[in-house]
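What follows is the content of run.csv (CSV, C-alpha atoms and all ligand atoms).
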chain,number,residue,atom,x,y,z
A,1,LYS,CA,338.0,83.9,235.4
A,2,ALA,CA,334.7,82.3,236.1
A,3,PRO,CA,332.1,83.2,233.5
A,4,SER,CA,328.8,85.0,234.1
A,5,ILE,CA,325.9,82.9,232.8
A,6,ALA,CA,322.5,83.7,231.4
A,7,LEU,CA,319.7,81.1,231.0
A,8,VAL,CA,317.1,82.0,228.4
A,9,GLY,CA,314.0,79.9,228.8
A,10,ALA,CA,314.9,79.4,232.5
A,11,THR,CA,311.3,78.6,233.5
A,12,GLY,CA,310.9,75.7,231.0
A,13,ALA,CA,311.6,72.0,231.3
A,14,VAL,CA,315.2,72.3,229.8
A,15,GLY,CA,315.8,75.5,231.8
A,16,HIS,CA,315.0,73.7,235.1
A,17,THR,CA,317.3,70.8,234.1
A,18,LEU,CA,320.1,73.3,233.3
A,19,ILE,CA,319.8,74.9,236.7
A,20,GLU,CA,320.0,71.4,238.4
A,21,LEU,CA,323.0,70.5,236.3
A,22,ILE,CA,324.8,73.8,236.9
A,23,GLU,CA,324.4,73.1,240.7
A,24,THR,CA,325.2,69.4,240.8
A,25,ARG,CA,328.1,69.5,238.3
A,26,ARG,CA,329.5,72.7,240.1
A,27,LEU,CA,329.9,74.5,236.8
A,28,ARG,CA,332.3,77.4,237.6
A,29,HIS,CA,330.4,80.7,237.3
A,30,ASN,CA,330.3,84.3,238.5
A,31,GLY,CA,326.6,84.6,238.8
A,32,VAL,CA,323.6,83.2,236.9
A,33,ARG,CA,320.9,85.5,235.4
A,34,LEU,CA,317.5,84.1,234.3
A,35,ALA,CA,315.4,85.2,231.3
A,36,ALA,CA,312.0,84.1,230.0
A,37,SER,CA,308.9,85.7,228.5
A,38,ALA,CA,307.2,88.7,230.0
A,39,ARG,CA,304.7,86.2,231.5
A,40,SER,CA,307.4,85.0,234.0
A,41,ALA,CA,309.2,88.3,234.6
A,42,GLY,CA,309.5,88.9,238.3
A,43,ARG,CA,309.2,85.3,239.3
A,44,GLN,CA,311.8,84.1,241.8
A,45,MET,CA,313.8,80.9,241.4
A,46,GLU,CA,316.7,79.4,243.4
A,47,VAL,CA,320.0,78.8,241.8
A,48,ASP,CA,323.0,77.5,243.8
A,49,GLY,CA,321.3,78.7,247.0
A,50,ARG,CA,320.7,82.2,245.8
A,51,THR,CA,317.3,83.7,244.9
A,52,CYS,CA,317.2,85.0,241.3
A,53,THR,CA,314.5,87.1,239.8
A,54,VAL,CA,313.4,86.1,236.2
A,55,GLU,CA,313.9,88.9,233.7
A,56,ASP,CA,312.0,89.6,230.6
A,57,LEU,CA,314.1,88.6,227.5
A,58,GLU,CA,312.8,91.7,225.8
A,59,GLY,CA,315.4,94.3,226.8
A,60,PHE,CA,317.8,91.9,228.4
A,61,ASP,CA,321.3,93.2,228.3
A,62,PHE,CA,323.9,90.5,227.4
A,63,SER,CA,326.9,92.8,227.5
A,64,ASP,CA,328.1,91.4,230.9
A,65,VAL,CA,327.2,87.8,230.0
A,66,ASP,CA,330.0,85.3,229.0
A,67,ILE,CA,327.9,82.3,228.3
A,68,ALA,CA,324.2,82.4,227.4
A,69,PHE,CA,322.2,79.1,227.2
A,70,PHE,CA,319.2,79.4,225.0
A,71,SER,CA,316.3,76.9,225.4
A,72,ALA,CA,313.2,79.0,224.7
A,73,GLY,CA,312.3,77.6,221.3
A,74,THR,CA,313.5,78.1,217.7
A,75,SER,CA,311.7,81.4,217.0
A,76,VAL,CA,313.1,83.0,220.2
A,77,SER,CA,316.6,81.9,219.2
A,78,GLU,CA,316.1,83.2,215.7
A,79,LYS,CA,315.3,86.6,217.1
A,80,TRP,CA,317.6,86.9,220.1
A,81,ALA,CA,320.7,84.6,219.7
A,82,ARG,CA,322.6,86.7,217.2
A,83,PRO,CA,322.0,90.0,219.1
A,84,ALA,CA,323.2,88.3,222.3
A,85,ALA,CA,326.3,87.1,220.5
A,86,ALA,CA,326.9,90.6,219.1
A,87,GLN,CA,326.9,91.9,222.6
A,88,GLY,CA,329.7,89.5,223.4
A,89,ALA,CA,328.0,86.4,224.9
A,90,LEU,CA,329.0,83.0,223.7
A,91,VAL,CA,325.6,81.5,222.9
A,92,ILE,CA,325.0,77.7,223.5
A,93,ASP,CA,321.8,77.2,221.6
A,94,ASN,CA,319.5,74.3,222.2
A,95,THR,CA,317.1,74.9,219.3
A,96,ASN,CA,317.1,74.1,215.6
A,97,ALA,CA,317.8,77.7,214.6
A,98,PHE,CA,321.6,77.5,213.8
A,99,ARG,CA,322.4,73.8,213.7
A,100,MET,CA,323.1,73.7,210.0
A,101,ASP,CA,324.7,77.2,209.8
A,102,PRO,CA,328.2,76.7,208.4
A,103,ASP,CA,329.6,79.3,210.9
A,104,THR,CA,328.1,77.5,213.9
A,105,PRO,CA,329.7,74.3,215.2
A,106,LEU,CA,327.2,71.5,216.1
A,107,VAL,CA,328.8,69.8,219.1
A,108,VAL,CA,328.4,66.6,221.1
A,109,PRO,CA,331.5,66.8,223.3
A,110,GLN,CA,332.1,63.0,223.5
A,111,VAL,CA,332.2,62.9,219.6
A,112,ASN,CA,333.5,66.1,218.1
A,113,ALA,CA,334.9,68.4,220.8
A,114,ASP,CA,337.8,68.9,218.4
A,115,VAL,CA,335.8,71.3,216.3
A,116,LEU,CA,335.9,73.7,219.3
A,117,THR,CA,339.1,75.6,218.7
A,118,GLY,CA,338.0,79.2,219.5
A,119,ARG,CA,335.1,81.5,219.5
A,120,PRO,CA,332.9,80.4,216.5
A,121,ALA,CA,332.4,83.0,213.7
A,122,SER,CA,328.7,83.3,214.6
A,123,GLY,CA,329.4,83.5,218.3
A,124,ILE,CA,327.0,80.5,218.7
A,125,ILE,CA,327.6,76.8,219.4
A,126,ALA,CA,324.6,74.6,218.5
A,127,ASN,CA,323.3,71.7,220.7
A,128,PRO,CA,321.9,68.9,218.4
A,129,ASN,CA,318.4,67.5,218.4
A,130,CYS,CA,317.5,65.3,221.4
A,131,SER,CA,317.3,62.1,219.3
A,132,THR,CA,320.5,62.8,217.3
A,133,ILE,CA,322.8,63.1,220.4
A,134,PRO,CA,322.5,59.5,221.8
A,135,LEU,CA,322.6,58.0,218.3
A,136,VAL,CA,325.8,59.7,217.2
A,137,ARG,CA,327.4,58.9,220.6
A,138,LEU,CA,327.3,55.3,219.5
A,139,LEU,CA,327.9,55.4,215.7
A,140,GLY,CA,331.5,56.8,215.6
A,141,THR,CA,333.1,53.6,216.9
A,142,VAL,CA,331.1,51.5,214.5
A,143,GLU,CA,332.2,53.6,211.5
A,144,GLN,CA,335.8,53.4,212.6
A,145,ARG,CA,335.9,49.7,213.1
A,146,TRP,CA,333.5,48.3,210.5
A,147,GLY,CA,332.4,51.2,208.3
A,148,ILE,CA,328.7,52.0,208.1
A,149,ARG,CA,326.6,51.4,205.0
A,150,GLN,CA,323.2,52.4,206.4
A,151,VAL,CA,321.4,53.3,209.6
A,152,VAL,CA,317.7,52.8,210.0
A,153,VAL,CA,316.1,54.2,213.2
A,154,SER,CA,312.6,54.2,214.7
A,155,THR,CA,312.3,56.6,217.7
A,156,TYR,CA,310.0,56.4,220.7
A,157,GLN,CA,310.1,60.0,221.9
A,158,ALA,CA,308.8,61.3,225.2
A,159,ALA,CA,306.3,64.1,225.9
A,160,SER,CA,309.0,66.2,227.6
A,161,GLY,CA,310.5,66.9,224.2
A,162,GLN,CA,307.6,69.3,223.9
A,163,GLY,CA,308.6,71.0,227.1
A,164,GLN,CA,306.6,71.4,230.3
A,165,HIS,CA,303.3,71.9,228.4
A,166,GLY,CA,303.9,68.6,226.6
A,167,ILE,CA,304.2,66.8,229.9
A,168,GLU,CA,301.1,68.5,231.2
A,169,GLU,CA,299.1,67.6,228.1
A,170,LEU,CA,300.0,63.9,228.4
A,171,GLN,CA,299.1,63.9,232.1
A,172,GLU,CA,295.8,65.6,231.6
A,173,GLY,CA,294.9,63.4,228.6
A,174,SER,CA,295.8,60.3,230.6
A,175,GLU,CA,293.5,61.3,233.6
A,176,LEU,CA,290.6,62.1,231.2
A,177,ALA,CA,290.9,58.8,229.4
A,178,LEU,CA,291.1,56.8,232.6
A,179,HIS,CA,287.9,58.3,233.9
A,180,ASP,CA,286.0,58.3,230.6
A,181,PRO,CA,287.1,56.2,227.6
A,182,ASP,CA,285.0,58.3,225.3
A,183,ALA,CA,286.4,61.7,226.5
A,184,GLU,CA,287.8,64.0,223.9
A,185,LEU,CA,291.5,64.2,224.7
A,186,PRO,CA,293.7,67.3,224.3
A,187,ALA,CA,295.6,67.3,221.0
A,188,GLU,CA,297.4,70.7,220.9
A,189,ARG,CA,301.1,69.8,221.3
A,190,PHE,CA,301.3,66.6,219.5
A,191,SER,CA,298.8,67.1,216.6
A,192,LYS,CA,296.9,64.0,217.9
A,193,PRO,CA,296.0,62.9,221.4
A,194,LEU,CA,299.1,61.3,223.0
A,195,ALA,CA,297.6,59.5,226.0
A,196,PHE,CA,297.1,55.8,225.3
A,197,ASN,CA,298.3,56.5,221.7
A,198,VAL,CA,301.4,56.7,219.5
A,199,VAL,CA,301.9,59.5,217.1
A,200,PRO,CA,304.3,59.1,214.1
A,201,PHE,CA,304.7,62.8,213.6
A,202,ILE,CA,307.1,65.3,215.2
A,203,ASP,CA,307.7,68.9,214.2
A,204,ARG,CA,306.4,69.8,210.7
A,205,LEU,CA,305.9,67.9,207.4
A,206,LEU,CA,308.4,68.5,204.5
A,207,ASP,CA,307.8,68.2,200.8
A,208,SER,CA,309.8,64.9,200.9
A,209,GLY,CA,307.1,63.3,203.1
A,210,PHE,CA,309.5,63.1,206.0
A,211,THR,CA,309.1,65.3,209.0
A,212,MET,CA,311.5,68.0,210.1
A,213,GLU,CA,312.5,65.9,213.1
A,214,GLU,CA,313.4,63.0,210.7
A,215,GLN,CA,315.4,65.3,208.5
A,216,LYS,CA,317.2,66.8,211.5
A,217,MET,CA,318.5,63.3,212.5
A,218,LEU,CA,320.0,62.8,209.0
A,219,GLN,CA,321.6,66.2,208.5
A,220,GLU,CA,322.8,66.6,212.1
A,221,SER,CA,324.4,63.1,212.2
A,222,ARG,CA,326.3,63.9,209.0
A,223,LYS,CA,327.6,67.2,210.3
A,224,ILE,CA,328.6,65.9,213.8
A,225,LEU,CA,330.3,62.7,212.6
A,226,GLY,CA,331.9,64.6,209.6
A,227,LEU,CA,330.4,62.0,207.2
A,228,PRO,CA,328.6,64.1,204.6
A,229,HIS,CA,327.2,61.0,202.8
A,230,LEU,CA,326.2,58.9,205.8
A,231,ASP,CA,322.9,57.1,205.1
A,232,VAL,CA,320.6,57.6,208.1
A,233,THR,CA,316.8,57.1,207.6
A,234,THR,CA,314.3,57.5,210.4
A,235,THR,CA,310.7,57.3,211.5
A,236,CYS,CA,310.2,59.6,214.5
A,237,VAL,CA,307.3,58.6,216.8
A,238,ARG,CA,305.9,60.3,219.9
A,239,VAL,CA,304.9,57.9,222.7
A,240,PRO,CA,303.0,58.4,225.9
A,241,VAL,CA,306.2,58.4,228.1
A,242,VAL,CA,306.8,61.5,230.3
A,243,ASN,CA,310.6,61.6,229.9
A,244,SER,CA,313.5,59.8,228.1
A,245,HIS,CA,313.6,58.9,224.4
A,246,SER,CA,314.2,55.4,223.1
A,247,GLU,CA,315.4,54.3,219.7
A,248,ALA,CA,315.4,51.0,217.8
A,249,VAL,CA,318.5,51.2,215.7
A,250,TRP,CA,319.5,48.9,212.7
A,251,VAL,CA,323.0,49.4,211.4
A,252,GLU,CA,324.2,47.7,208.2
A,253,ALA,CA,328.0,47.8,208.4
A,254,ALA,CA,330.5,47.3,205.6
A,255,ALA,CA,332.0,44.1,207.1
A,256,PRO,CA,330.8,41.3,209.4
A,257,VAL,CA,330.3,42.4,213.0
A,258,ASP,CA,331.2,40.3,216.0
A,259,ARG,CA,328.7,40.9,218.9
A,260,THR,CA,331.3,40.6,221.7
A,261,GLU,CA,333.6,43.1,220.1
A,262,LEU,CA,330.7,45.4,219.3
A,263,VAL,CA,329.4,45.3,222.9
A,264,ASP,CA,332.9,45.9,224.3
A,265,ARG,CA,333.4,48.9,222.0
A,266,LEU,CA,330.1,50.4,223.0
A,267,ALA,CA,330.7,49.8,226.7
A,268,ALA,CA,334.1,51.5,226.4
A,269,LEU,CA,332.6,54.7,225.2
A,270,PRO,CA,332.4,57.5,227.8
A,271,GLU,CA,329.1,57.6,229.7
A,272,VAL,CA,327.5,54.7,228.0
A,273,THR,CA,326.0,51.7,229.8
A,274,VAL,CA,325.5,48.4,227.9
A,275,HIS,CA,322.8,46.4,229.8
A,276,ASP,CA,323.3,43.1,227.9
A,277,ARG,CA,327.0,43.0,227.9
A,278,ASP,CA,327.3,40.1,230.4
A,279,VAL,CA,323.6,39.0,230.6
A,280,PRO,CA,322.2,38.6,227.1
A,281,GLY,CA,318.8,40.1,226.5
A,282,ARG,CA,318.8,42.7,229.3
A,283,PHE,CA,317.5,46.1,228.2
A,284,PRO,CA,316.9,49.6,229.6
A,285,THR,CA,313.5,51.3,229.5
A,286,PRO,CA,312.7,55.0,230.2
A,287,LEU,CA,311.5,54.2,233.7
A,288,THR,CA,314.3,51.7,234.7
A,289,ALA,CA,317.4,52.7,232.8
A,290,GLY,CA,319.3,54.1,235.8
A,291,ASN,CA,322.0,56.8,235.6
A,292,PRO,CA,320.2,59.7,233.7
A,293,ASP,CA,323.6,61.0,232.6
A,294,HIS,CA,324.4,57.9,230.6
A,295,VAL,CA,323.3,56.6,227.2
A,296,HIS,CA,321.7,53.2,227.9
A,297,VAL,CA,322.0,50.3,225.4
A,298,GLY,CA,320.5,46.9,225.3
A,299,ARG,CA,319.2,44.1,223.0
A,300,VAL,CA,322.4,44.2,220.9
A,301,ARG,CA,322.0,41.5,218.3
A,302,VAL,CA,323.7,40.6,215.1
A,303,ALA,CA,321.3,39.3,212.4
A,304,PRO,CA,322.0,35.5,211.8
A,305,HIS,CA,321.0,35.9,208.1
A,306,ASN,CA,323.2,39.0,207.6
A,307,PRO,CA,326.3,39.2,209.9
A,308,ARG,CA,327.0,42.7,208.6
A,309,GLY,CA,323.8,44.0,210.2
A,310,PHE,CA,322.9,44.5,213.8
A,311,TRP,CA,320.1,45.9,215.9
A,312,LEU,CA,320.4,47.7,219.2
A,313,TRP,CA,317.9,49.5,221.6
A,314,LEU,CA,318.9,52.7,223.3
A,315,VAL,CA,317.4,54.9,226.0
A,316,ALA,CA,318.6,58.4,226.8
A,317,ASP,CA,317.1,61.1,229.0
A,318,ASN,CA,316.1,63.7,226.5
A,319,LEU,CA,316.1,66.7,228.9
A,320,ARG,CA,319.6,65.8,230.1
A,321,ILE,CA,321.7,63.8,227.4
A,322,GLY,CA,319.5,65.3,224.7
A,323,ALA,CA,319.5,68.9,225.8
A,324,ALA,CA,320.7,70.4,229.1
A,325,LEU,CA,323.6,67.9,229.9
A,326,ASN,CA,325.0,68.2,226.4
A,327,ALA,CA,324.8,72.0,226.6
A,328,VAL,CA,326.6,72.0,230.0
A,329,GLN,CA,329.2,69.6,228.7
A,330,ILE,CA,329.8,72.0,225.8
A,331,ALA,CA,330.3,74.8,228.4
A,332,GLU,CA,332.7,72.7,230.4
A,333,THR,CA,334.7,71.9,227.3
A,334,VAL,CA,334.9,75.6,226.4
A,335,LEU,CA,336.0,76.5,229.9
A,336,ASP,CA,338.5,73.6,230.2
A,337,ARG,CA,340.1,74.7,227.0
A,338,GLY,CA,340.2,78.4,227.8
A,339,LEU,CA,338.2,79.2,224.7
A,340,LEU,CA,336.1,82.0,226.1
B,401,LIG,P1,307.7,81.4,230.0
B,401,LIG,O1,307.7,80.4,231.1
B,401,LIG,O2,307.7,82.8,230.5
B,401,LIG,O3,306.6,81.1,229.0
B,401,LIG,P2,309.1,74.7,227.7
B,401,LIG,O4,310.0,74.2,226.6
B,401,LIG,O5,309.1,73.9,228.9
B,401,LIG,O6,307.7,75.0,227.2
B,401,LIG,O7,309.7,76.1,228.1
B,401,LIG,C1,309.9,77.2,227.2
B,401,LIG,C2,310.7,78.3,227.8
B,401,LIG,O8,310.9,79.3,226.9
B,401,LIG,C3,310.1,78.9,229.0
B,401,LIG,O9,311.1,79.4,229.9
B,401,LIG,C4,309.4,80.1,228.4
B,401,LIG,O10,309.1,81.2,229.3
B,401,LIG,C5,310.4,80.5,227.4
B,401,LIG,N1,309.8,81.3,226.3
B,401,LIG,C6,308.8,81.0,225.5
B,401,LIG,N2,308.5,82.0,224.7
B,401,LIG,C7,309.3,83.0,225.0
B,401,LIG,C8,309.5,84.4,224.5
B,401,LIG,N3,308.8,84.8,223.4
B,401,LIG,N4,310.5,85.1,225.0
B,401,LIG,C9,311.2,84.6,226.0
B,401,LIG,N5,311.1,83.4,226.6
B,401,LIG,C10,310.1,82.6,226.0
Encoding of this model in structure tokens:
Amino acid sequence: KAPSIALVGATGAVGHTLIELIETRRLRHNGVRLAASARSAGRQMEVDGRTCTVEDLEGFDFSDVDIAFFSAGTSVSEKWARPAAAQGALVIDNTNAFRMDPDTPLVVPQVNADVLTGRPASGIIANPNCSTIPLVRLLGTVEQRWGIRQVVVSTYQAASGQGQHGIEELQEGSELALHDPDAELPAERFSKPLAFNVVPFIDRLLDSGFTMEEQKMLQESRKILGLPHLDVTTTCVRVPVVNSHSEAVWVEAAAPVDRTELVDRLAALPEVTVHDRDVPGRFPTPLTAGNPDHVHVGRVRVAPHNPRGFWLWLVADNLRIGAALNAVQIAETVLDRGLL
């Protein structure tokens, strides 16, 4: 039977993208209910041609919900995801709350759908971090063919990773700075002003000196790829881009890599576009990458001085690939396999 669906955080940036994907991908469902904070309760939104009224998450009854998508932030998931699962909903959680929980699978369907064999012990399936997802979509084939010694990543992450308020802060700051170069720019969401700036700090600082965002990319990549000793090290940087994350990725393999074979292997992956497969040097950017449901790759180059090492540049829509699309693809996998 078609599942009934709840969207927690329906009014946010990921929530809006989830609604769009449920409509365009024609996800089978038997009704969609929307939840957000008390601030939005009573607001009306269109889903699949029907008007839905946003409900307050406080007091929301999940007992008739089959699949609940959570994208309202980590603290909201920490408080409400387990109660929702206890009421019988299968939770697909977009936050950091349960990703490293041993009873919760962490899933990128194109990589490790095989870990979905039934209802998880926690009743929750975690959606990985928005920068981890496109990276692991590419690394598996490299590990299988050449073996990976180390991965070094610098990210260029968009404002939409901080939700609708992040986008608005970038837009407001940009307008202020254009009109008055000396204006004091807003710096609430990104710890420093983001307009006309770059900020090498995302999430919180850990004792190690790395940020939580950087630690997530290491731990989550290991869990998804099933490689507990994988060496991934990252600098995560926020850039004044509205949407779509980019990453500069250096991989040191265990054996010499042939560029043509590498490019062919990457291009053969599902929903991956390699821009410099036939025309060397072509590359995607957040504004020009094309199909927002693909991971876009370019500037693939093996180092002349070290043929075991190569660089690539990737771009992926963080609201779709990095959040809502991965969550919907998890739901599609669950439904296709009859795991509800
Ligand atoms: P609301 O619009 O009522 O504040 P974004 O990531 O774009 O900032 O969106 C966050 C989403 O999470 C919004 O839908 C927001 O609802 C929701 N949200 C934030 N805090 C809470 C809360 N305490 N309870 C329920 N929903 C929340």
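Excluding Arg282 (chain A) and any residue on its chain fewer than 6 positions from it, the residues at most 9 Å away by all atoms listed in the file are Val274, His275, Asp276, Gly298 and Arg299 of chain A.
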*Can I get the residues close to ligand LIG 401 (chain B) as number ranges by chain, where close means within 10 Å and we count all atoms listed in the file?*
A: 7-16, 34-41, 43, 54-58, 70-77, 79-80, 160-168, 319
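Remark: for Gly59 (chain A), the closest of the candidate residues A:Met100, A:Gly226, A:Ala84, A:Phe201 is A:Ala84 (distances computed over all atoms listed in the file).
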Kindly provide the residues of region 127-176 of chain A that approach region 229-251 of chain A to within 8 Å, each paired with its closest atom pair and their distance in Å to one decimal, based on all atoms listed in the file, listed by chain and increasing number, as JSON lines.
{"residue": "A:Ser131", "atom": "CA", "partner": "A:His245", "partner_atom": "CA", "distance": 7.1}
{"residue": "A:Ile148", "atom": "CA", "partner": "A:Val251", "partner_atom": "CA", "distance": 7.1}
{"residue": "A:Arg149", "atom": "CA", "partner": "A:Asp231", "partner_atom": "CA", "distance": 6.8}
{"residue": "A:Gln150", "atom": "CA", "partner": "A:Asp231", "partner_atom": "CA", "distance": 4.9}
{"residue": "A:Val151", "atom": "CA", "partner": "A:Val251", "partner_atom": "CA", "distance": 4.6}
{"residue": "A:Val152", "atom": "CA", "partner": "A:Thr233", "partner_atom": "CA", "distance": 5.0}
{"residue": "A:Val153", "atom": "CA", "partner": "A:Val249", "partner_atom": "CA", "distance": 4.6}
{"residue": "A:Ser154", "atom": "CA", "partner": "A:Thr235", "partner_atom": "CA", "distance": 4.8}
{"residue": "A:Thr155", "atom": "CA", "partner": "A:Glu247", "partner_atom": "CA", "distance": 4.3}
{"residue": "A:Tyr156", "atom": "CA", "partner": "A:Ser246", "partner_atom": "CA", "distance": 4.9}
{"residue": "A:Gln157", "atom": "CA", "partner": "A:His245", "partner_atom": "CA", "distance": 4.4}
{"residue": "A:Ala158", "atom": "CA", "partner": "A:Val241", "partner_atom": "CA", "distance": 4.9}
{"residue": "A:Ala159", "atom": "CA", "partner": "A:Val242", "partner_atom": "CA", "distance": 5.1}
{"residue": "A:Ser160", "atom": "CA", "partner": "A:Asn243", "partner_atom": "CA", "distance": 5.4}
{"residue": "A:Gly161", "atom": "CA", "partner": "A:Asn243", "partner_atom": "CA", "distance": 7.8}
{"residue": "A:Ile167", "atom": "CA", "partner": "A:Val242", "partner_atom": "CA", "distance": 5.9}
{"residue": "A:Leu170", "atom": "CA", "partner": "A:Pro240", "partner_atom": "CA", "distance": 6.7}
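Using all atoms listed in the file, the nearest neighbour of Arg99 (chain A) within the list A:Asp48, A:Asp264, A:Asp114, A:Glu78 is A:Glu78.
Note that the spacing between CA of Glu271 (chain A) and CA of Leu225 (chain A) amounts to 17.9 Å.
Our summary of the geometry notes that CA of Ser221 (chain A) is positioned 22.2 Å from CA of Glu332 (chain A).
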Rebuild region 59-77 of chain A to N, CA and C atoms - output it as an mmCIF file, in the coordinates of the input, please.
data_model
loop_
_atom_site.group_PDB
_atom_site.id
_atom_site.type_symbol
_atom_site.label_atom_id
_atom_site.label_comp_id
_atom_site.auth_asym_id
_atom_site.auth_seq_id
_atom_site.Cartn_x
_atom_site.Cartn_y
_atom_site.Cartn_z
ATOM 1 N N GLY A 59 314.622 93.317 226.018
ATOM 2 C CA GLY A 59 315.400 94.300 226.800
ATOM 3 C C GLY A 59 316.473 93.791 227.640
ATOM 4 N N PHE A 60 316.696 92.477 227.619
ATOM 5 C CA PHE A 60 317.800 91.900 228.400
ATOM 6 C C PHE A 60 319.118 92.274 227.888
ATOM 7 N N ASP A 61 319.996 92.716 228.767
ATOM 8 C CA ASP A 61 321.300 93.200 228.300
ATOM 9 C C ASP A 61 322.333 92.045 228.501
ATOM 10 N N PHE A 62 322.913 91.606 227.368
ATOM 11 C CA PHE A 62 323.900 90.500 227.400
ATOM 12 C C PHE A 62 325.319 90.954 227.485
ATOM 13 N N SER A 63 325.547 92.291 227.619
ATOM 14 C CA SER A 63 326.900 92.800 227.500
ATOM 15 C C SER A 63 327.825 92.283 228.626
ATOM 16 N N ASP A 64 327.253 91.917 229.769
ATOM 17 C CA ASP A 64 328.100 91.400 230.900
ATOM 18 C C ASP A 64 328.009 89.860 230.947
ATOM 19 N N VAL A 65 327.391 89.230 229.959
ATOM 20 C CA VAL A 65 327.200 87.800 230.000
ATOM 21 C C VAL A 65 328.325 87.104 229.203
ATOM 22 N N ASP A 66 328.963 86.084 229.783
ATOM 23 C CA ASP A 66 330.000 85.300 229.000
ATOM 24 C C ASP A 66 329.394 84.164 228.292
ATOM 25 N N ILE A 67 328.497 83.419 228.945
ATOM 26 C CA ILE A 67 327.900 82.300 228.300
ATOM 27 C C ILE A 67 326.358 82.381 228.448
ATOM 28 N N ALA A 68 325.636 82.323 227.321
ATOM 29 C CA ALA A 68 324.200 82.400 227.400
ATOM 30 C C ALA A 68 323.616 81.068 226.811
ATOM 31 N N PHE A 69 322.912 80.332 227.660
ATOM 32 C CA PHE A 69 322.200 79.100 227.200
ATOM 33 C C PHE A 69 320.847 79.500 226.723
ATOM 34 N N PHE A 70 320.516 79.144 225.486
ATOM 35 C CA PHE A 70 319.200 79.400 225.000
ATOM 36 C C PHE A 70 318.376 78.136 224.862
ATOM 37 N N SER A 71 317.229 78.083 225.538
ATOM 38 C CA SER A 71 316.300 76.900 225.400
ATOM 39 C C SER A 71 314.890 77.404 225.517
ATOM 40 N N ALA A 72 314.551 78.381 224.683
ATOM 41 C CA ALA A 72 313.200 79.000 224.700
ATOM 42 C C ALA A 72 312.481 78.751 223.385
ATOM 43 N N GLY A 73 312.979 77.827 222.568
ATOM 44 C CA GLY A 73 312.300 77.600 221.300
ATOM 45 C C GLY A 73 313.048 78.225 220.120
ATOM 46 N N THR A 74 312.804 77.668 218.923
ATOM 47 C CA THR A 74 313.500 78.100 217.700
ATOM 48 C C THR A 74 313.267 79.561 217.382
ATOM 49 N N SER A 75 312.011 79.991 217.463
ATOM 50 C CA SER A 75 311.700 81.400 217.000
ATOM 51 C C SER A 75 312.367 82.382 217.981
ATOM 52 N N VAL A 76 312.444 82.056 219.265
ATOM 53 C CA VAL A 76 313.100 83.000 220.200
ATOM 54 C C VAL A 76 314.601 83.038 219.893
ATOM 55 N N SER A 77 315.220 81.893 219.595
ATOM 56 C CA SER A 77 316.600 81.900 219.200
ATOM 57 C C SER A 77 316.878 82.655 217.930
#
